[in-house]
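Next comes work25.cif, with mmCIF, C-alpha atoms.
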```cif
data_model
#
loop_
_atom_site.label_atom_id
_atom_site.label_comp_id
_atom_site.auth_asym_id
_atom_site.auth_seq_id
_atom_site.Cartn_x
_atom_site.Cartn_y
_atom_site.Cartn_z
CA MET T 1229 51.70 19.53 -194.72
CA PRO T 1230 53.63 19.71 -191.60
CA LYS T 1231 52.11 22.04 -188.98
CA ILE T 1232 53.21 25.50 -189.98
CA ASP T 1233 54.84 27.03 -186.95
CA ARG T 1234 54.06 30.60 -185.89
CA HIS T 1235 57.36 32.02 -187.05
CA SER T 1236 56.85 31.11 -190.66
CA LYS T 1237 53.31 32.42 -190.56
CA ILE T 1238 54.51 35.78 -189.32
CA VAL T 1239 57.24 35.90 -191.93
CA GLY T 1240 54.70 35.03 -194.59
CA TRP T 1241 52.44 37.96 -193.58
CA LEU T 1242 55.37 40.31 -193.29
CA LYS T 1243 56.49 39.38 -196.79
CA LEU T 1244 53.12 40.77 -197.91
CA ALA T 1245 52.73 43.75 -195.51
CA LEU T 1246 56.20 45.25 -195.74
CA PRO T 1247 56.29 45.78 -199.54
CA LEU T 1248 52.80 47.30 -199.37
CA THR T 1249 53.84 49.88 -196.73
CA ALA T 1250 56.98 50.59 -198.77
CA LEU T 1251 54.78 51.24 -201.78
CA ALA T 1252 52.51 53.53 -199.75
CA LEU T 1253 55.47 55.52 -198.40
CA LEU T 1254 56.90 55.83 -201.86
CA SER T 1255 53.57 57.11 -203.25
CA THR T 1256 53.41 59.95 -200.73
CA LEU T 1257 56.51 61.22 -202.45
CA PHE T 1258 54.79 61.43 -205.87
CA LEU T 1259 51.05 60.79 -205.80
CA LEU T 1260 49.92 62.59 -202.68
CA ALA T 1261 52.54 65.41 -202.61
CA ASP T 1262 51.17 68.91 -203.57
CA ARG T 1263 52.18 70.00 -206.98
CA ILE T 1264 55.12 72.43 -207.06
CA ASP T 1265 54.83 74.72 -210.08
CA PRO T 1266 58.43 75.42 -210.97
CA THR T 1267 57.56 78.43 -213.10
CA ALA T 1268 55.90 80.27 -210.15
CA ALA T 1269 58.70 79.61 -207.81
CA ILE T 1270 60.38 83.03 -208.17
CA ARG T 1271 58.02 86.10 -208.34
CA TYR T 1272 59.23 88.37 -211.10
CA ALA T 1273 59.27 92.17 -210.34
CA GLU T 1274 56.41 93.90 -212.21
CA VAL T 1275 58.52 96.97 -213.02
CA ASP T 1276 58.04 98.11 -216.57
CA VAL T 1277 61.59 97.95 -217.75
CA GLU T 1278 61.02 99.90 -220.95
CA ALA T 1279 59.49 102.82 -219.08
CA LEU T 1280 62.41 102.86 -216.69
CA ALA T 1281 64.88 102.84 -219.53
CA ARG T 1282 62.99 105.44 -221.58
CA ASP T 1283 62.85 108.22 -218.97
CA PRO T 1284 65.69 108.05 -216.51
CA ARG T 1285 64.62 109.01 -212.98
CA MET T 1286 66.23 109.47 -209.63
CA SER T 1287 64.44 107.96 -206.61
CA ALA T 1288 64.42 109.73 -203.23
CA PRO T 1289 66.50 112.71 -204.39
CA THR T 1290 67.42 115.40 -201.88
CA TYR T 1291 68.50 119.00 -202.53
CA ALA T 1292 69.89 121.14 -199.75
CA GLY T 1293 71.10 124.71 -199.75
CA ILE T 1294 71.21 128.02 -197.93
CA THR T 1295 69.03 130.86 -199.21
CA SER T 1296 70.34 134.40 -199.56
CA ASP T 1297 68.78 135.40 -196.22
CA GLY T 1298 70.42 132.54 -194.35
CA ALA T 1299 67.60 130.01 -194.18
CA ALA T 1300 68.50 126.36 -194.65
CA ILE T 1301 66.38 124.84 -197.42
CA THR T 1302 66.07 121.06 -197.92
CA LEU T 1303 64.00 119.52 -200.68
CA THR T 1304 63.22 115.79 -200.72
CA ALA T 1305 60.96 113.85 -203.09
CA LYS T 1306 59.89 110.25 -203.82
CA ALA T 1307 61.19 110.39 -207.39
CA ALA T 1308 62.54 113.06 -209.70
CA ARG T 1309 62.90 113.21 -213.48
CA PRO T 1310 65.55 115.44 -215.07
CA ALA T 1311 64.51 118.14 -217.55
CA SER T 1312 64.14 116.90 -221.10
CA ALA T 1313 63.40 118.61 -224.42
CA GLU T 1314 59.69 118.95 -223.94
CA ARG T 1315 59.29 119.34 -220.18
CA THR T 1316 61.10 120.77 -217.18
CA ALA T 1317 62.50 118.69 -214.38
CA ALA T 1318 59.67 117.30 -212.27
CA ALA T 1319 59.33 115.43 -209.01
CA GLU T 1320 56.65 113.55 -207.06
CA ASP T 1321 55.63 113.73 -203.39
CA VAL T 1322 57.85 116.70 -202.70
CA THR T 1323 58.69 118.01 -199.21
CA LEU T 1324 60.37 121.41 -198.93
CA ARG T 1325 61.65 122.36 -195.48
CA LEU T 1326 62.80 125.88 -194.63
CA GLU T 1327 64.67 126.43 -191.36
CA MET T 1328 64.89 130.16 -190.64
CA PRO T 1329 67.84 131.60 -188.73
CA ASP T 1330 65.41 133.00 -186.11
CA GLY T 1331 64.41 129.47 -185.14
CA GLY T 1332 61.14 129.32 -187.04
CA SER T 1333 60.59 126.67 -189.67
CA THR T 1334 58.16 125.94 -192.49
CA ASP T 1335 57.34 122.61 -194.13
CA MET T 1336 55.70 122.51 -197.57
CA THR T 1337 54.47 119.20 -198.98
CA ALA T 1338 52.90 118.66 -202.41
CA SER T 1339 52.11 115.71 -204.64
CA GLY T 1340 53.75 117.18 -207.75
CA ALA T 1341 56.48 119.72 -208.44
CA GLU T 1342 58.26 121.26 -211.41
CA LEU T 1343 61.78 122.62 -210.99
CA ASP T 1344 62.63 125.71 -213.04
CA THR T 1345 66.34 126.11 -212.40
CA GLY T 1346 66.51 129.18 -214.72
CA ALA T 1347 64.29 131.23 -212.44
CA GLY T 1348 65.46 129.28 -209.38
CA GLU T 1349 61.84 128.41 -208.66
CA LEU T 1350 59.92 125.31 -207.72
CA ARG T 1351 56.25 125.12 -208.77
CA LEU T 1352 54.36 122.89 -206.36
CA THR T 1353 51.07 121.57 -207.72
CA GLY T 1354 48.39 119.04 -206.93
CA GLY T 1355 47.39 120.24 -203.48
CA VAL T 1356 50.02 121.91 -201.35
CA GLU T 1357 50.11 121.93 -197.57
CA ILE T 1358 52.28 124.35 -195.61
CA ALA T 1359 52.90 123.92 -191.88
CA THR T 1360 54.72 126.69 -190.05
CA SER T 1361 56.36 126.55 -186.66
CA SER T 1362 54.05 129.35 -185.48
CA GLY T 1363 51.20 126.86 -185.63
CA TYR T 1364 49.64 127.81 -188.97
CA ARG T 1365 48.63 125.10 -191.44
CA VAL T 1366 47.89 126.51 -194.90
CA THR T 1367 46.44 124.47 -197.77
CA THR T 1368 46.21 125.65 -201.35
CA GLU T 1369 46.11 124.17 -204.85
CA ALA T 1370 49.37 125.46 -206.31
CA LEU T 1371 52.37 127.33 -204.96
CA THR T 1372 55.59 128.71 -206.36
CA ALA T 1373 58.52 128.46 -203.96
CA ALA T 1374 61.83 130.20 -204.60
CA LEU T 1375 64.97 128.15 -204.09
CA ASP T 1376 67.54 130.91 -203.93
CA ARG T 1377 65.74 133.05 -201.32
CA SER T 1378 63.11 131.99 -198.82
CA GLY T 1379 59.89 133.00 -200.46
CA ALA T 1380 56.72 131.29 -201.59
CA GLU T 1381 53.61 132.54 -203.32
CA SER T 1382 50.33 130.69 -203.75
CA GLN T 1383 48.63 130.69 -207.14
CA ALA T 1384 45.20 129.68 -205.81
CA PRO T 1385 42.80 130.55 -202.99
CA VAL T 1386 44.13 129.59 -199.60
CA LYS T 1387 42.56 128.03 -196.52
CA ALA T 1388 44.51 128.14 -193.29
CA THR T 1389 44.07 127.11 -189.69
CA GLY T 1390 46.09 128.65 -186.90
CA PRO T 1391 45.97 128.69 -183.10
CA ALA T 1392 42.17 128.74 -182.54
CA VAL T 1393 41.62 130.54 -185.85
CA THR T 1394 40.54 129.60 -189.36
CA ILE T 1395 41.50 131.87 -192.26
CA ASP T 1396 40.30 132.09 -195.86
CA ALA T 1397 42.17 134.30 -198.33
CA ALA T 1398 42.58 134.77 -202.05
CA SER T 1399 46.37 134.42 -202.03
CA PHE T 1400 49.25 133.81 -199.67
CA THR T 1401 52.91 134.70 -199.74
CA LEU T 1402 55.75 133.84 -197.40
CA HIS T 1403 58.62 136.28 -197.64
CA HIS T 1404 61.56 137.65 -195.76
CA GLU T 1405 60.89 141.25 -194.66
CA THR T 1406 64.11 143.20 -194.28
CA GLY T 1407 63.16 146.86 -194.61
CA GLY T 1408 60.69 148.76 -192.48
CA GLU T 1409 60.96 149.62 -188.85
CA SER T 1410 60.68 146.12 -187.46
CA GLU T 1411 63.77 143.94 -187.47
CA PRO T 1412 64.02 141.40 -190.31
CA ALA T 1413 61.31 138.78 -189.96
CA TYR T 1414 59.63 136.08 -192.01
CA LEU T 1415 56.07 137.14 -192.78
CA LEU T 1416 53.15 135.02 -193.90
CA VAL T 1417 50.97 137.48 -195.82
CA PHE T 1418 47.40 136.54 -196.72
CA SER T 1419 45.93 139.05 -199.17
CA GLY T 1420 43.12 139.69 -201.64
CA GLY T 1421 40.35 139.75 -199.03
CA VAL T 1422 40.98 137.85 -195.82
CA LYS T 1423 38.35 136.34 -193.52
CA LEU T 1424 39.47 135.09 -190.13
CA VAL T 1425 37.20 133.42 -187.57
CA TYR T 1426 38.51 133.16 -184.01
CA GLN T 1427 36.73 130.94 -181.52
CA PRO T 1428 37.53 132.19 -177.99
CA GLY T 1429 38.71 129.36 -175.86
CA GLY T 1430 38.54 127.22 -179.01
CA GLN H 16 35.73 164.87 -165.30
CA GLU H 17 33.97 161.67 -166.27
CA ALA H 18 30.46 160.47 -166.92
CA ASN H 19 28.98 157.01 -166.70
CA VAL H 20 27.08 155.93 -169.72
CA ALA H 21 25.08 152.85 -170.67
CA PHE H 22 26.29 151.56 -174.00
CA GLY H 23 23.32 150.15 -175.84
CA GLY H 24 22.35 148.19 -172.74
CA LEU H 25 23.55 145.12 -174.59
CA THR H 26 25.36 142.50 -172.69
CA GLN H 27 27.85 141.15 -175.16
CA ASP H 28 28.72 137.50 -174.86
CA THR H 29 32.49 137.65 -175.28
CA SER H 30 32.72 133.94 -175.92
CA LEU H 31 30.99 134.35 -179.29
CA PRO H 32 33.28 133.70 -182.26
CA VAL H 33 35.09 136.80 -183.46
CA GLU H 34 35.09 137.27 -187.22
CA ILE H 35 37.66 139.59 -188.78
CA THR H 36 37.68 140.53 -192.45
CA ALA H 37 40.35 142.72 -194.03
CA ASP H 38 42.28 143.27 -197.22
CA THR H 39 45.49 141.70 -195.99
CA LEU H 40 46.72 139.83 -192.96
CA SER H 41 50.44 139.48 -192.28
CA VAL H 42 51.65 137.07 -189.63
CA ASN H 43 55.16 137.18 -188.20
CA ASN H 44 56.39 133.61 -188.32
CA ALA H 45 58.77 134.03 -185.38
CA ASP H 46 56.41 135.26 -182.66
CA GLY H 47 53.06 134.68 -184.39
CA SER H 48 51.86 138.29 -184.03
CA ALA H 49 49.36 139.18 -186.75
CA VAL H 50 48.42 142.53 -188.31
CA PHE H 51 45.27 143.10 -190.36
CA SER H 52 45.34 146.10 -192.67
CA GLY H 53 43.00 147.65 -195.22
CA ASN H 54 39.43 148.42 -194.05
CA VAL H 55 39.33 145.91 -191.27
CA LEU H 56 35.95 144.86 -189.90
CA VAL H 57 35.73 142.94 -186.65
CA GLY H 58 32.41 141.41 -185.75
CA GLN H 59 31.30 139.62 -182.60
CA GLY H 60 27.64 139.07 -181.91
CA GLU H 61 25.96 142.42 -182.56
CA MET H 62 29.11 144.45 -182.04
CA ARG H 63 30.96 145.71 -185.12
CA LEU H 64 34.35 147.36 -184.99
CA SER H 65 35.86 148.89 -188.10
CA ALA H 66 39.35 150.34 -188.31
CA ALA H 67 42.17 150.95 -190.77
CA GLU H 68 44.53 148.53 -189.06
CA VAL H 69 44.10 145.93 -186.32
CA ARG H 70 47.01 144.24 -184.59
CA VAL H 71 46.25 140.93 -182.89
CA ASP H 72 48.18 140.24 -179.67
CA TYR H 73 48.29 136.58 -178.81
CA ALA H 74 48.45 135.48 -175.18
CA THR H 75 51.93 134.49 -174.03
CA ASP H 76 51.14 130.81 -174.52
CA SER H 77 49.99 132.00 -177.97
CA ARG H 78 46.98 129.71 -177.97
CA ALA H 79 44.30 132.37 -177.44
CA ILE H 80 43.97 135.89 -178.78
CA GLU H 81 44.32 138.24 -175.87
CA ARG H 82 43.83 141.72 -177.35
CA LEU H 83 42.83 143.42 -180.56
CA HIS H 84 44.61 146.73 -180.97
CA ALA H 85 42.83 148.85 -183.60
CA THR H 86 44.33 152.06 -184.94
CA GLY H 87 43.80 154.62 -187.69
CA GLY H 88 40.26 155.78 -186.85
CA VAL H 89 38.05 153.24 -185.11
CA THR H 90 34.26 153.00 -185.11
CA ILE H 91 32.40 150.66 -182.81
CA ALA H 92 28.70 150.15 -183.37
CA SER H 93 26.20 148.05 -181.54
CA SER H 94 22.43 147.78 -182.00
CA GLN H 95 21.56 151.44 -181.15
CA ASP H 96 24.83 153.21 -180.32
CA ALA H 97 28.09 154.00 -182.01
CA ALA H 98 31.42 155.25 -180.73
CA GLU H 99 34.28 156.71 -182.72
CA ALA H 100 37.87 157.35 -181.69
CA ARG H 101 41.40 157.35 -183.08
CA GLU H 102 42.46 154.15 -181.35
CA ALA H 103 40.85 151.25 -179.50
CA VAL H 104 42.05 148.23 -177.56
CA TYR H 105 39.59 145.36 -177.11
CA THR H 106 40.54 142.69 -174.55
CA ILE H 107 38.38 139.78 -175.56
CA ASP H 108 38.26 137.77 -172.34
CA SER H 109 37.36 140.68 -170.08
CA GLY H 110 35.14 142.30 -172.71
CA LEU H 111 36.79 145.68 -172.03
CA VAL H 112 37.12 148.17 -174.90
CA VAL H 113 39.30 151.20 -174.23
CA MET H 114 38.97 153.93 -176.86
CA THR H 115 41.30 156.91 -176.85
CA GLY H 116 41.77 160.04 -178.94
CA ASP H 117 38.81 162.48 -179.33
CA VAL H 118 36.05 160.03 -178.63
CA LEU H 119 32.56 160.65 -179.96
CA LEU H 120 29.77 158.50 -178.54
CA THR H 121 26.32 158.78 -180.09
CA GLN H 122 23.29 157.25 -178.41
CA GLY H 123 20.01 157.77 -180.16
CA GLN H 124 19.60 161.57 -180.15
CA SER H 125 22.38 162.46 -177.73
CA ALA H 126 26.12 162.62 -178.34
CA LEU H 127 29.01 162.65 -175.89
CA THR H 128 32.59 163.63 -176.63
CA GLY H 129 35.67 163.10 -174.50
CA GLN H 130 39.25 161.92 -174.63
CA LYS H 131 38.89 158.39 -173.31
CA LEU H 132 36.00 155.91 -173.28
CA THR H 133 36.12 152.63 -171.40
CA LEU H 134 33.34 150.27 -172.36
CA ASN H 135 32.56 147.04 -170.57
CA LEU H 136 30.71 144.94 -173.13
CA LYS H 137 29.83 142.29 -170.59
CA ASP H 138 27.44 144.51 -168.64
CA GLY H 139 26.97 147.19 -171.31
CA THR H 140 28.30 150.05 -169.16
CA GLY H 141 30.87 152.68 -170.10
CA VAL H 142 32.88 155.51 -168.56
CA ILE H 143 33.83 158.51 -170.67
CA GLU H 144 36.59 160.79 -169.39
CA GLY H 145 38.57 163.86 -170.31
CA GLY H 146 36.72 167.05 -171.26
CA VAL H 147 33.32 165.45 -171.48
CA SER H 148 30.66 167.46 -173.23
CA THR H 149 27.23 166.22 -174.06
CA THR H 150 24.71 167.50 -176.51
CA PHE H 151 21.21 166.15 -176.55
CA LEU H 152 17.93 167.22 -178.00
CA PRO H 153 15.34 167.98 -175.39
CA GLY H 154 11.97 166.44 -175.86
CA LYS H 155 11.66 162.92 -177.13
CA ASN H 156 14.15 160.70 -175.28
#
```
Mind turning the file's structure into structure tokens?
Amino acid sequence: MPKIDRHSKIVGWLKLALPLTALALLSTLFLLADRIDPTAAIRYAEVDVEALARDPRMSAPTYAGITSDGAAITLTAKAARPASAERTAAAEDVTLRLEMPDGGSTDMTASGAELDTGAGELRLTGGVEIATSSGYRVTTEALTAALDRSGAESQAPVKATGPAVTIDAASFTLHHETGGESEPAYLLVFSGGVKLVYQPGG
Amino acid sequence: QEANVAFGGLTQDTSLPVEITADTLSVNNADGSAVFSGNVLVGQGEMRLSAAEVRVDYATDSRAIERLHATGGVTIASSQDAAEAREAVYTIDSGLVVMTGDVLLTQGQSALTGQKLTLNLKDGTGVIEGGVSTTFLPGKN
């Protein structure tokens, strides 16, 4: 056999090596690649469609108006359900903001609310927190706020903190005082036995 | 004329917490002024002040309570003494109580009446003015 020259030897080896590398490259496409599960490709939304269809709701509703004594009232919520046969209109995570003409303001937040349009009232339930511009923060269990005039009345004992004071009372009302000698003002009235503790310098 | 009087010899620490109980409290949302009404009882340390109505005046920066203005018949009592008047103004920081309107101060057996009584709770002294008359029982004290 004539002396095999180097060139043919190289070609001979390449004829073996090149197909093998081609095969390896090809296998990375199928054998080594990580499995793609086509069904999990798109994440479906977990919203319960039947529930949505059954009770229509409005998300992030807002209600704005002016009360009879001139205070701007804005009501926002996370979601609201219109009144139906068996229950009144309700809303979740409600914020009621009252801006008084004299510059003061009051914010009421609650986790649940029922709207009684007949009486023009909003019943806030599930832990209500009221923050007033005069620095008072009042917390109670349930509160009825009027929508046509600026007024609110708590239905449960009240705990409040103000500038350096803490207050406990049986009930609390916010109302617009027109009569009397003083000029019209918005009064926060704690009644039914009030206990206030003031810490000087506190 | 006026007479100096020691009021129970108690030095009242005016930085003690003040506790006020009443039937109702109404707070004006605009300026934050507060009015207690309906058998109001103010307590600080050993001092008790009871009145029909107490108006709370906040300091201008409305962070601290500056004065308690009690009206409608005020009684202040400490460990041994008591003072009655129609009106009283208690300035918390300075510890000054100014009582006006037919003041009656009773100390143990003796009683003093006058028109105006200024008490300094910090050092337990007081000055009674205006038609002072004292009645005391001779003997024991």
Cut-off 6 Å: closest chain T/chain H atom pairs per residue, using all atoms listed in the file, as JSON lines:
```
{"residue": "T:Gly1332", "atom": "CA", "partner": "H:Ala45", "partner_atom": "CA", "distance": 5.5}
{"residue": "T:Ser1362", "atom": "CA", "partner": "H:Gly47", "partner_atom": "CA", "distance": 5.5}
{"residue": "T:Pro1391", "atom": "CA", "partner": "H:Arg78", "partner_atom": "CA", "distance": 5.3}
{"residue": "T:Tyr1414", "atom": "CA", "partner": "H:Asn44", "partner_atom": "CA", "distance": 5.5}
{"residue": "T:Leu1415", "atom": "CA", "partner": "H:Asn43", "partner_atom": "CA", "distance": 4.7}
{"residue": "T:Leu1416", "atom": "CA", "partner": "H:Val42", "partner_atom": "CA", "distance": 5.0}
{"residue": "T:Val1417", "atom": "CA", "partner": "H:Ser41", "partner_atom": "CA", "distance": 4.1}
{"residue": "T:Phe1418", "atom": "CA", "partner": "H:Leu40", "partner_atom": "CA", "distance": 5.0}
{"residue": "T:Ser1419", "atom": "CA", "partner": "H:Thr39", "partner_atom": "CA", "distance": 4.2}
{"residue": "T:Gly1420", "atom": "CA", "partner": "H:Asp38", "partner_atom": "CA", "distance": 5.7}
{"residue": "T:Gly1421", "atom": "CA", "partner": "H:Asp38", "partner_atom": "CA", "distance": 4.4}
{"residue": "T:Val1422", "atom": "CA", "partner": "H:Ala37", "partner_atom": "CA", "distance": 5.2}
{"residue": "T:Lys1423", "atom": "CA", "partner": "H:Thr36", "partner_atom": "CA", "distance": 4.4}
{"residue": "T:Leu1424", "atom": "CA", "partner": "H:Ile35", "partner_atom": "CA", "distance": 5.0}
{"residue": "T:Val1425", "atom": "CA", "partner": "H:Glu34", "partner_atom": "CA", "distance": 4.4}
{"residue": "T:Tyr1426", "atom": "CA", "partner": "H:Val33", "partner_atom": "CA", "distance": 5.0}
{"residue": "T:Gln1427", "atom": "CA", "partner": "H:Pro32", "partner_atom": "CA", "distance": 4.5}
{"residue": "T:Pro1428", "atom": "CA", "partner": "H:Ser30", "partner_atom": "CA", "distance": 5.5}
```
Using the selection just defined, write its residues with C-alpha atoms as a JSON list (two decimals), in the coordinates of the input.
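Below is the file that was written, part.json:
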```
[["chain", "number", "residue", "atom", "x", "y", "z"],
["T", 1332, "GLY", "CA", 61.14, 129.32, -187.04],
["T", 1362, "SER", "CA", 54.05, 129.35, -185.48],
["T", 1391, "PRO", "CA", 45.97, 128.69, -183.10],
["T", 1414, "TYR", "CA", 59.63, 136.08, -192.01],
["T", 1415, "LEU", "CA", 56.07, 137.14, -192.78],
["T", 1416, "LEU", "CA", 53.15, 135.02, -193.90],
["T", 1417, "VAL", "CA", 50.97, 137.48, -195.82],
["T", 1418, "PHE", "CA", 47.40, 136.54, -196.72],
["T", 1419, "SER", "CA", 45.93, 139.05, -199.17],
["T", 1420, "GLY", "CA", 43.12, 139.69, -201.64],
["T", 1421, "GLY", "CA", 40.35, 139.75, -199.03],
["T", 1422, "VAL", "CA", 40.98, 137.85, -195.82],
["T", 1423, "LYS", "CA", 38.35, 136.34, -193.52],
["T", 1424, "LEU", "CA", 39.47, 135.09, -190.13],
["T", 1425, "VAL", "CA", 37.20, 133.42, -187.57],
["T", 1426, "TYR", "CA", 38.51, 133.16, -184.01],
["T", 1427, "GLN", "CA", 36.73, 130.94, -181.52],
["T", 1428, "PRO", "CA", 37.53, 132.19, -177.99]]
```
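Straight-line separation from CA of Thr1337 in chain T to CA of Glu1314 in chain T: 25.5 Å.
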Ground truth for the PyMOL selection byres ((chain H and resi 126) around 10), written as a list in words:
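So the PyMOL selection byres ((chain H and resi 126) around 10) ends up selecting Asp96, Ala97, Ala98, Leu119, Leu120, Thr121, Gln122, Gly123, Gln124, Ser125, Leu127, Thr128, Ser148, Thr149, Thr150, Phe151 and Leu152 of chain H.
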Assuming the chain letters and numbering stay as they are in my file, what does the PyMOL selection byres ((chain T and resi 1324) around 12) actually select? List them as a PyMOL selection string.
chain T and resi 1289-1293+1300-1305+1319-1323+1325-1327+1333-1341+1350-1352+1356-1360+1371-1375+1378-1380
Do you know which residues lie at most 8 Å from (35.8, 149.2, -173.7), with coordinates as in the file and all atoms listed in the file counted, and could you write them as a VMD selection string?
chain H and resid 103 to 105 110 to 114 132 to 136 141
When the PyMOL selection byres ((chain H and resi 118) around 6) is applied to the file above, which residues end up in the set, as number ranges by chain?
H: 99-100, 116-117, 119, 128-130
In Å, how far is it from CA of Asn19 in chain H to CA of Val147 in chain H?
10.6 Å
What is the distance between CA of Arg70 in chain H and CA of Thr106 in chain H, in Å to one decimal?
12.0 Å
Which neighbours of range 1384-1390 of chain T fall inside 9 Å, counting all atoms listed in the file, when residues of the same chain fewer than 5 positions from it are skipped, and could you give them as a PyMOL selection string?
chain T and resi 1358+1362-1371+1395-1400+1418
Could you add whatever atoms are missing so that range 1229-1243 of chain T carries N, CA, C and O atoms, then write the result as a PDB file, in the coordinates of the input?
```pdb
ATOM      1  N   MET T1229      50.830  18.345-194.811  1.00  0.00           N
ATOM      2  CA  MET T1229      51.700  19.530-194.720  1.00  0.00           C
ATOM      3  C   MET T1229      52.000  19.667-193.234  1.00  0.00           C
ATOM      4  O   MET T1229      51.096  19.662-192.415  1.00  0.00           O
ATOM      5  N   PRO T1230      53.274  19.684-193.030  1.00  0.00           N
ATOM      6  CA  PRO T1230      53.630  19.710-191.600  1.00  0.00           C
ATOM      7  C   PRO T1230      52.974  20.961-190.963  1.00  0.00           C
ATOM      8  O   PRO T1230      52.656  21.924-191.645  1.00  0.00           O
ATOM      9  N   LYS T1231      52.774  20.909-189.661  1.00  0.00           N
ATOM     10  CA  LYS T1231      52.110  22.040-188.980  1.00  0.00           C
ATOM     11  C   LYS T1231      53.000  23.260-189.185  1.00  0.00           C
ATOM     12  O   LYS T1231      54.211  23.213-188.962  1.00  0.00           O
ATOM     13  N   ILE T1232      52.346  24.317-189.699  1.00  0.00           N
ATOM     14  CA  ILE T1232      53.210  25.500-189.980  1.00  0.00           C
ATOM     15  C   ILE T1232      53.399  26.205-188.640  1.00  0.00           C
ATOM     16  O   ILE T1232      52.436  26.539-187.981  1.00  0.00           O
ATOM     17  N   ASP T1233      54.665  26.432-188.299  1.00  0.00           N
ATOM     18  CA  ASP T1233      54.840  27.030-186.950  1.00  0.00           C
ATOM     19  C   ASP T1233      54.591  28.522-187.013  1.00  0.00           C
ATOM     20  O   ASP T1233      54.479  29.128-188.097  1.00  0.00           O
ATOM     21  N   ARG T1234      54.465  29.155-185.956  1.00  0.00           N
ATOM     22  CA  ARG T1234      54.060  30.600-185.890  1.00  0.00           C
ATOM     23  C   ARG T1234      55.058  31.460-186.609  1.00  0.00           C
ATOM     24  O   ARG T1234      54.704  32.382-187.308  1.00  0.00           O
ATOM     25  N   HIS T1235      56.327  31.127-186.479  1.00  0.00           N
ATOM     26  CA  HIS T1235      57.360  32.020-187.050  1.00  0.00           C
ATOM     27  C   HIS T1235      57.138  32.130-188.543  1.00  0.00           C
ATOM     28  O   HIS T1235      57.065  33.212-189.100  1.00  0.00           O
ATOM     29  N   SER T1236      56.955  31.020-189.200  1.00  0.00           N
ATOM     30  CA  SER T1236      56.850  31.110-190.660  1.00  0.00           C
ATOM     31  C   SER T1236      55.588  31.876-191.031  1.00  0.00           C
ATOM     32  O   SER T1236      55.559  32.651-191.989  1.00  0.00           O
ATOM     33  N   LYS T1237      54.545  31.710-190.192  1.00  0.00           N
ATOM     34  CA  LYS T1237      53.310  32.420-190.560  1.00  0.00           C
ATOM     35  C   LYS T1237      53.572  33.935-190.498  1.00  0.00           C
ATOM     36  O   LYS T1237      53.211  34.667-191.411  1.00  0.00           O
ATOM     37  N   ILE T1238      54.249  34.342-189.434  1.00  0.00           N
ATOM     38  CA  ILE T1238      54.510  35.780-189.320  1.00  0.00           C
ATOM     39  C   ILE T1238      55.338  36.263-190.495  1.00  0.00           C
ATOM     40  O   ILE T1238      55.023  37.253-191.153  1.00  0.00           O
ATOM     41  N   VAL T1239      56.375  35.470-190.815  1.00  0.00           N
ATOM     42  CA  VAL T1239      57.240  35.900-191.930  1.00  0.00           C
ATOM     43  C   VAL T1239      56.408  35.983-193.197  1.00  0.00           C
ATOM     44  O   VAL T1239      56.475  36.908-193.979  1.00  0.00           O
ATOM     45  N   GLY T1240      55.530  35.023-193.362  1.00  0.00           N
ATOM     46  CA  GLY T1240      54.700  35.030-194.590  1.00  0.00           C
ATOM     47  C   GLY T1240      53.902  36.329-194.666  1.00  0.00           C
ATOM     48  O   GLY T1240      53.876  37.000-195.691  1.00  0.00           O
ATOM     49  N   TRP T1241      53.233  36.726-193.551  1.00  0.00           N
ATOM     50  CA  TRP T1241      52.440  37.960-193.580  1.00  0.00           C
ATOM     51  C   TRP T1241      53.340  39.177-193.800  1.00  0.00           C
ATOM     52  O   TRP T1241      53.005  40.062-194.571  1.00  0.00           O
ATOM     53  N   LEU T1242      54.498  39.130-193.131  1.00  0.00           N
ATOM     54  CA  LEU T1242      55.370  40.310-193.290  1.00  0.00           C
ATOM     55  C   LEU T1242      55.801  40.451-194.748  1.00  0.00           C
ATOM     56  O   LEU T1242      55.869  41.536-195.296  1.00  0.00           O
ATOM     57  N   LYS T1243      56.045  39.313-195.387  1.00  0.00           N
ATOM     58  CA  LYS T1243      56.490  39.380-196.790  1.00  0.00           C
ATOM     59  C   LYS T1243      55.415  40.123-197.601  1.00  0.00           C
ATOM     60  O   LYS T1243      55.684  40.712-198.625  1.00  0.00           O
TER      61      LYS T1243
END
```
